[in-house]
file entry-v8.cif (mmCIF, C-alpha atoms and all ligand atoms)
data_target
loop_
_atom_site.group_PDB
_atom_site.id
_atom_site.type_symbol
_atom_site.label_atom_id
_atom_site.label_comp_id
_atom_site.auth_asym_id
_atom_site.auth_seq_id
_atom_site.Cartn_x
_atom_site.Cartn_y
_atom_site.Cartn_z
ATOM 1 C CA MET A 567 9.345 5.608 17.705
ATOM 2 C CA ARG A 568 11.113 9.031 17.576
ATOM 3 C CA ARG A 569 11.773 9.658 13.932
ATOM 4 C CA ALA A 570 12.692 13.351 13.974
ATOM 5 C CA PRO A 571 13.302 16.029 16.564
ATOM 6 C CA SER A 572 10.156 17.919 17.424
ATOM 7 C CA LEU A 573 9.446 21.238 15.748
ATOM 8 C CA ALA A 574 9.793 23.032 19.065
ATOM 9 C CA ALA A 575 13.246 21.546 19.624
ATOM 10 C CA ILE A 576 14.386 22.577 16.149
ATOM 11 C CA VAL A 577 13.081 26.122 16.623
ATOM 12 C CA VAL A 578 14.796 26.448 20.008
ATOM 13 C CA VAL A 579 18.086 25.233 18.573
ATOM 14 C CA LEU A 580 17.808 27.537 15.572
ATOM 15 C CA ILE A 581 17.031 30.586 17.718
ATOM 16 C CA GLY A 582 19.875 29.760 20.093
ATOM 17 C CA ALA A 583 22.321 29.320 17.228
ATOM 18 C CA SER A 584 21.178 32.592 15.647
ATOM 19 C CA LEU A 585 21.695 34.483 18.922
ATOM 20 C CA LEU A 586 25.200 33.076 19.307
ATOM 21 C CA VAL A 587 26.089 34.148 15.781
ATOM 22 C CA LEU A 588 24.649 37.635 16.358
ATOM 23 C CA ILE A 589 26.605 38.014 19.608
ATOM 24 C CA ALA A 590 29.797 36.906 17.889
ATOM 25 C CA ILE A 591 29.244 39.366 15.051
ATOM 26 C CA SER A 592 28.414 42.367 17.258
ATOM 27 C CA SER A 593 31.289 41.770 19.669
ATOM 28 C CA ARG A 594 33.723 41.923 16.779
ATOM 29 C CA GLY A 595 32.100 45.040 15.325
ATOM 30 C CA HIS A 596 32.293 43.266 12.043
ATOM 31 C CA HIS A 597 29.672 43.592 9.307
ATOM 32 C CA ALA A 598 29.082 40.053 8.238
ATOM 33 C CA PRO A 599 25.734 39.360 6.649
ATOM 34 C CA PRO A 600 23.268 38.039 9.195
ATOM 35 C CA PRO A 601 22.605 34.335 9.032
ATOM 36 C CA PRO A 602 19.569 33.418 6.984
ATOM 37 C CA ALA A 603 16.436 33.415 9.077
ATOM 38 C CA PRO A 604 15.352 29.970 10.135
ATOM 39 C CA ALA A 605 12.862 28.792 7.569
ATOM 40 C CA VAL A 606 9.894 28.039 9.735
ATOM 41 C CA ALA A 607 6.946 29.125 7.653
ATOM 42 C CA GLU A 608 3.856 27.297 6.672
ATOM 43 C CA ASN A 609 4.544 24.928 3.755
ATOM 44 C CA ALA A 610 8.067 26.262 3.485
ATOM 45 C CA GLY A 611 9.588 23.429 5.462
ATOM 46 C CA ILE A 612 12.151 23.476 8.233
ATOM 47 C CA SER A 613 15.862 23.923 7.692
ATOM 48 C CA ALA A 614 18.514 22.860 10.166
ATOM 49 C CA GLY A 615 22.074 21.688 9.763
ATOM 50 C CA GLY A 616 21.841 21.877 5.989
ATOM 51 C CA VAL A 617 18.801 19.615 5.911
ATOM 52 C CA THR A 618 15.408 20.911 4.848
ATOM 53 C CA LEU A 619 12.256 19.056 5.743
ATOM 54 C CA THR A 620 9.272 19.898 3.605
ATOM 55 C CA SER A 621 5.848 18.377 3.250
ATOM 56 C CA THR A 622 4.825 17.578 -0.273
ATOM 57 C CA SER A 623 1.572 16.552 -1.857
ATOM 58 C CA VAL A 624 1.884 14.082 -4.684
ATOM 59 C CA GLU A 625 -0.516 13.653 -7.577
ATOM 60 C CA LEU A 626 -0.528 10.000 -8.525
ATOM 61 C CA PRO A 627 -1.200 9.160 -12.154
ATOM 62 C CA ASP A 628 -4.742 8.202 -12.979
ATOM 63 C CA ASP A 629 -4.506 4.459 -12.775
ATOM 64 C CA ALA A 630 -7.260 1.887 -13.007
ATOM 65 C CA ALA A 631 -7.544 0.308 -9.576
ATOM 66 C CA THR A 632 -9.339 -2.789 -10.756
ATOM 67 C CA PHE A 633 -10.064 -4.486 -14.067
ATOM 68 C CA PRO A 634 -13.072 -3.181 -16.040
ATOM 69 C CA ALA A 635 -16.247 -5.214 -15.911
ATOM 70 C CA GLY A 636 -16.547 -8.301 -18.063
ATOM 71 C CA PRO A 637 -16.892 -12.067 -17.819
ATOM 72 C CA ASN A 638 -14.498 -13.514 -15.195
ATOM 73 C CA VAL A 639 -13.528 -10.052 -13.965
ATOM 74 C CA ASP A 640 -13.781 -11.096 -10.310
ATOM 75 C CA LEU A 641 -11.315 -13.910 -10.866
ATOM 76 C CA VAL A 642 -8.881 -11.625 -12.699
ATOM 77 C CA ASN A 643 -9.145 -8.984 -9.978
ATOM 78 C CA GLN A 644 -8.382 -11.600 -7.346
ATOM 79 C CA ARG A 645 -5.490 -13.239 -9.147
ATOM 80 C CA CYS A 646 -3.747 -10.350 -10.864
ATOM 81 C CA LEU A 647 -3.858 -7.255 -8.640
ATOM 82 C CA SER A 648 -1.668 -8.199 -5.710
ATOM 83 C CA CYS A 649 1.548 -7.244 -7.508
ATOM 84 C CA HIS A 650 0.664 -4.667 -10.164
ATOM 85 C CA SER A 651 -2.155 -2.532 -11.505
ATOM 86 C CA ALA A 652 -4.880 -3.477 -13.936
ATOM 87 C CA SER A 653 -3.807 -0.809 -16.411
ATOM 88 C CA MET A 654 -0.249 -2.144 -16.366
ATOM 89 C CA VAL A 655 -1.660 -5.464 -17.575
ATOM 90 C CA LEU A 656 -4.148 -4.059 -20.072
ATOM 91 C CA THR A 657 -1.798 -1.616 -21.764
ATOM 92 C CA GLN A 658 0.713 -4.268 -22.765
ATOM 93 C CA PRO A 659 1.310 -4.682 -26.492
ATOM 94 C CA ARG A 660 -1.619 -6.562 -27.983
ATOM 95 C CA LEU A 661 -1.232 -10.296 -27.421
ATOM 96 C CA LYS A 662 -2.723 -13.440 -28.929
ATOM 97 C CA PRO A 663 -4.595 -15.874 -26.644
ATOM 98 C CA GLU A 664 -1.673 -18.295 -26.403
ATOM 99 C CA GLN A 665 0.629 -15.399 -25.518
ATOM 100 C CA TRP A 666 -1.690 -14.352 -22.694
ATOM 101 C CA THR A 667 -1.758 -17.916 -21.457
ATOM 102 C CA ALA A 668 2.037 -17.970 -21.463
ATOM 103 C CA ILE A 669 2.123 -14.724 -19.476
ATOM 104 C CA ILE A 670 -0.324 -16.073 -16.913
ATOM 105 C CA GLU A 671 1.778 -19.232 -16.561
ATOM 106 C CA LYS A 672 4.863 -17.066 -16.162
ATOM 107 C CA MET A 673 3.117 -15.089 -13.397
ATOM 108 C CA ARG A 674 2.392 -18.366 -11.647
ATOM 109 C CA ASP A 675 5.740 -20.106 -12.241
ATOM 110 C CA ALA A 676 8.197 -17.220 -12.030
ATOM 111 C CA TYR A 677 6.463 -14.909 -9.560
ATOM 112 C CA ARG A 678 4.386 -17.433 -7.584
ATOM 113 C CA ALA A 679 1.035 -15.850 -8.401
ATOM 114 C CA PRO A 680 -1.647 -18.072 -6.846
ATOM 115 C CA ILE A 681 -3.396 -19.213 -10.026
ATOM 116 C CA GLY A 682 -5.041 -22.627 -10.443
ATOM 117 C CA ASP A 683 -4.593 -24.563 -13.685
ATOM 118 C CA GLY A 684 -8.342 -24.553 -14.256
ATOM 119 C CA GLU A 685 -8.485 -20.776 -13.992
ATOM 120 C CA ILE A 686 -6.057 -20.018 -16.801
ATOM 121 C CA PRO A 687 -8.543 -20.302 -19.721
ATOM 122 C CA ALA A 688 -11.024 -17.959 -18.010
ATOM 123 C CA ILE A 689 -8.312 -15.388 -17.284
ATOM 124 C CA THR A 690 -7.003 -15.699 -20.846
ATOM 125 C CA ASP A 691 -10.507 -15.111 -22.275
ATOM 126 C CA TYR A 692 -10.950 -12.028 -20.146
ATOM 127 C CA LEU A 693 -7.596 -10.532 -21.126
ATOM 128 C CA VAL A 694 -8.063 -11.231 -24.836
ATOM 129 C CA ALA A 695 -11.442 -9.502 -24.736
ATOM 130 C CA ARG A 696 -10.387 -6.532 -22.586
ATOM 131 C CA GLN A 697 -6.861 -5.678 -23.673
ATOM 132 C CA GLN A 698 -6.856 -1.990 -24.492
ATOM 133 C CA THR A 699 -4.052 -1.675 -27.005
ATOM 134 C CA PRO A 700 -5.267 -1.267 -30.583
ATOM 135 C CA PRO A 701 -3.951 -3.940 -33.001
ATOM 136 C CA ALA A 702 -1.400 -1.755 -34.797
ATOM 137 C CA ALA A 703 -0.167 0.195 -31.796
ATOM 138 C CA THR A 704 3.391 0.049 -30.592
ATOM 139 C CA ALA A 705 3.019 0.251 -26.838
ATOM 140 C CA ARG A 706 5.498 2.239 -24.692
HETATM 141 C C1 LIG A 801 2.946 -12.583 -7.331
HETATM 142 C C2 LIG A 801 2.985 -11.325 -8.012
HETATM 143 C C3 LIG A 801 2.247 -11.255 -9.345
HETATM 144 C C4 LIG A 801 0.963 -11.615 -9.606
HETATM 145 C C5 LIG A 801 -0.090 -12.138 -8.656
HETATM 146 C C6 LIG A 801 0.754 -11.341 -11.009
HETATM 147 N N1 LIG A 801 1.886 -10.809 -11.553
HETATM 148 FE FE1 LIG A 801 2.091 -10.122 -13.451
HETATM 149 N N2 LIG A 801 3.978 -9.506 -13.033
HETATM 150 C C7 LIG A 801 4.630 -9.722 -11.844
HETATM 151 C C8 LIG A 801 5.984 -9.268 -11.974
HETATM 152 C C9 LIG A 801 7.026 -9.298 -10.866
HETATM 153 C C10 LIG A 801 6.125 -8.792 -13.282
HETATM 154 C C11 LIG A 801 7.353 -8.246 -13.940
HETATM 155 C C12 LIG A 801 7.361 -6.756 -13.809
HETATM 156 C C13 LIG A 801 8.542 -6.206 -14.539
HETATM 157 O O1 LIG A 801 9.188 -6.925 -15.314
HETATM 158 O O2 LIG A 801 8.814 -5.021 -14.334
HETATM 159 C C14 LIG A 801 4.838 -8.945 -13.917
HETATM 160 C C15 LIG A 801 4.563 -8.552 -15.213
HETATM 161 C C16 LIG A 801 3.373 -8.752 -15.852
HETATM 162 C C17 LIG A 801 3.079 -8.354 -17.219
HETATM 163 C C18 LIG A 801 4.040 -7.627 -18.124
HETATM 164 C C19 LIG A 801 4.610 -8.537 -19.154
HETATM 165 C C20 LIG A 801 5.659 -9.459 -18.621
HETATM 166 O O3 LIG A 801 5.725 -10.597 -19.112
HETATM 167 O O4 LIG A 801 6.432 -9.068 -17.722
HETATM 168 C C21 LIG A 801 1.813 -8.753 -17.491
HETATM 169 C C22 LIG A 801 1.056 -8.579 -18.783
HETATM 170 C C23 LIG A 801 1.294 -9.384 -16.294
HETATM 171 N N3 LIG A 801 2.270 -9.355 -15.326
HETATM 172 C C24 LIG A 801 0.055 -9.918 -16.181
HETATM 173 C C25 LIG A 801 -0.439 -10.563 -15.067
HETATM 174 C C26 LIG A 801 -1.718 -11.218 -15.001
HETATM 175 C C27 LIG A 801 -2.700 -11.315 -16.150
HETATM 176 C C28 LIG A 801 -1.862 -11.684 -13.731
HETATM 177 C C29 LIG A 801 -3.009 -12.504 -13.173
HETATM 178 C C30 LIG A 801 -3.257 -13.748 -13.836
HETATM 179 C C31 LIG A 801 -0.637 -11.342 -13.005
HETATM 180 N N4 LIG A 801 0.192 -10.667 -13.847
HETATM 181 C C32 LIG A 801 -0.424 -11.616 -11.663
HETATM 182 C C33 LIG A 801 4.100 -10.252 -10.701
HETATM 183 C C34 LIG A 801 2.819 -10.748 -10.572
#

call {"tool": "encode", "arguments": {"input": "entry-v8.cif", "output": "C-alpha cells", "more": "lines below"}}
Ligand code: HEC
result
Amino acid sequence: MRRAPSLAAIVVVLIGASLLVLIAISSRGHHAPPPPAPAVAENAGISAGGVTLTSTSVELPDDAATFPAGPNVDLVNQRCLSCHSASMVLTQPRLKPEQWTAIIEKMRDAYRAPIGDGEIPAITDYLVARQQTPPAATAR
C-alpha cells in the first residue's frame, strides 16, 4: 500500500541533489543562481522532480443531505438518495404530477432505482408538494 515516497525520503533526496549541484557550481567557480530551496514548509507542499504535492481543504457547496420533512419523506429518502442529492431533485424545473411520475419511472427503468410500483404515487405526491422551484422560474 505504498502510495508515495515518505517525506523523509523526499527530503533526503532533495538535500543530496542540492549538495551535488552546489559542489558542481563551486568547483567550476561559476556564478549560476542557486537551485530553489526545496519547498518543505508547512502547508506549502513538497516539490520534487517537477511535481508538487500540496494538501488542500475543500469547501463543499451547502447541499441538502436528505429531503425536507413531509408526508412519505422516509420513502423518498430511501429510494432517491443513493445516486444523487435531495437538492438536485428538488431544484429541477417545476413539474406536473404526471411529469414527476414519468421521472420516477425513468429512475427505475433506466437507472435501476429500486422503486416498487405501489410506491410511485406516494413519491409523486411528496415531490409535487416539496419541489422548491417557483412556478415561473427558469431553473439553471
Ligand atoms: C440508481 C440510481 C438512481 C436512483 C436511486 C435515483 N436516481 Fe434520479 N437520476 C439518476 C441518474 C443517473 C440521473 C441522470 C443524471 C444526469 O443526467 O446527469 C438522475 C436524474 C434525476 C433527475 C433529473 C432529471 C432527469 O430526468 O434526469 C431527477 C429529478 C431525479 N433523478 C429524481 C429522482 C427521484 C425522485 C428518485 C427517487 C424516486 C431518483 N431520482 C432515484 C439515478 C438515480

call {"tool": "atom_distance", "arguments": {"input": "entry-v8.cif", "atom1": "atom C22 of ligand LIG 801 (chain A)", "atom2": "CA of Gln658 in chain A"}}
result
5.9 Å

call {"tool": "residues_near_ligand", "arguments": {"input": "entry-v8.cif", "ligand": "ligand LIG 801 (chain A)", "cutoff": "6 Å", "atoms": "all atoms listed in the file", "output": "PyMOL selection string"}}
result
chain A and resi 642+645-646+648-649+655+658+669-670+673+677-679

call {"tool": "resolve_selection", "arguments": {"input": "entry-v8.cif", "expression": "the PyMOL selection byres (((chain A and resi 693) around 9) and not hetatm)", "output": "NGL selection string"}}
result
:A and (642 or 655-656 or 661 or 663 or 666 or 688-692 or 694-697)

call {"tool": "closest_residue", "arguments": {"input": "entry-v8.cif", "among": "A:Ala590, A:Ala676, A:Ile576, A:Ala668", "to": "Leu619 in chain A", "atoms": "only C-alpha atoms"}}
result
A:Ile576

call {"tool": "closest_residue", "arguments": {"input": "entry-v8.cif", "among": "A:Leu573, A:Ala652, A:Lys662, A:Ile591", "to": "Gly611 in chain A", "atoms": "only C-alpha atoms"}}
result
A:Leu573

call {"tool": "atom_distance", "arguments": {"input": "entry-v8.cif", "atom1": "CA of Leu586 in chain A", "atom2": "CA of Ala610 in chain A"}}
result
24.3 Å

call {"tool": "closest_residue", "arguments": {"input": "entry-v8.cif", "among": "A:Pro600, A:Gly616, A:Pro687, A:Gly682", "to": "Asn638 in chain A", "atoms": "only C-alpha atoms"}}
result
A:Pro687

call {"tool": "closest_residue", "arguments": {"input": "entry-v8.cif", "among": "A:Ala614, A:Pro680, A:Pro599, A:Thr632", "to": "His650 in chain A", "atoms": "all atoms listed in the file"}}
result
A:Thr632

call {"tool": "atom_distance", "arguments": {"input": "entry-v8.cif", "atom1": "CA of Ile581 in chain A", "atom2": "CA of Thr620 in chain A"}}
result
19.3 Å

call {"tool": "closest_residue", "arguments": {"input": "entry-v8.cif", "among": "A:Asp640, A:Gly684, A:Ser653, A:Pro601", "to": "Leu585 in chain A", "atoms": "all atoms listed in the file"}}
result
A:Pro601
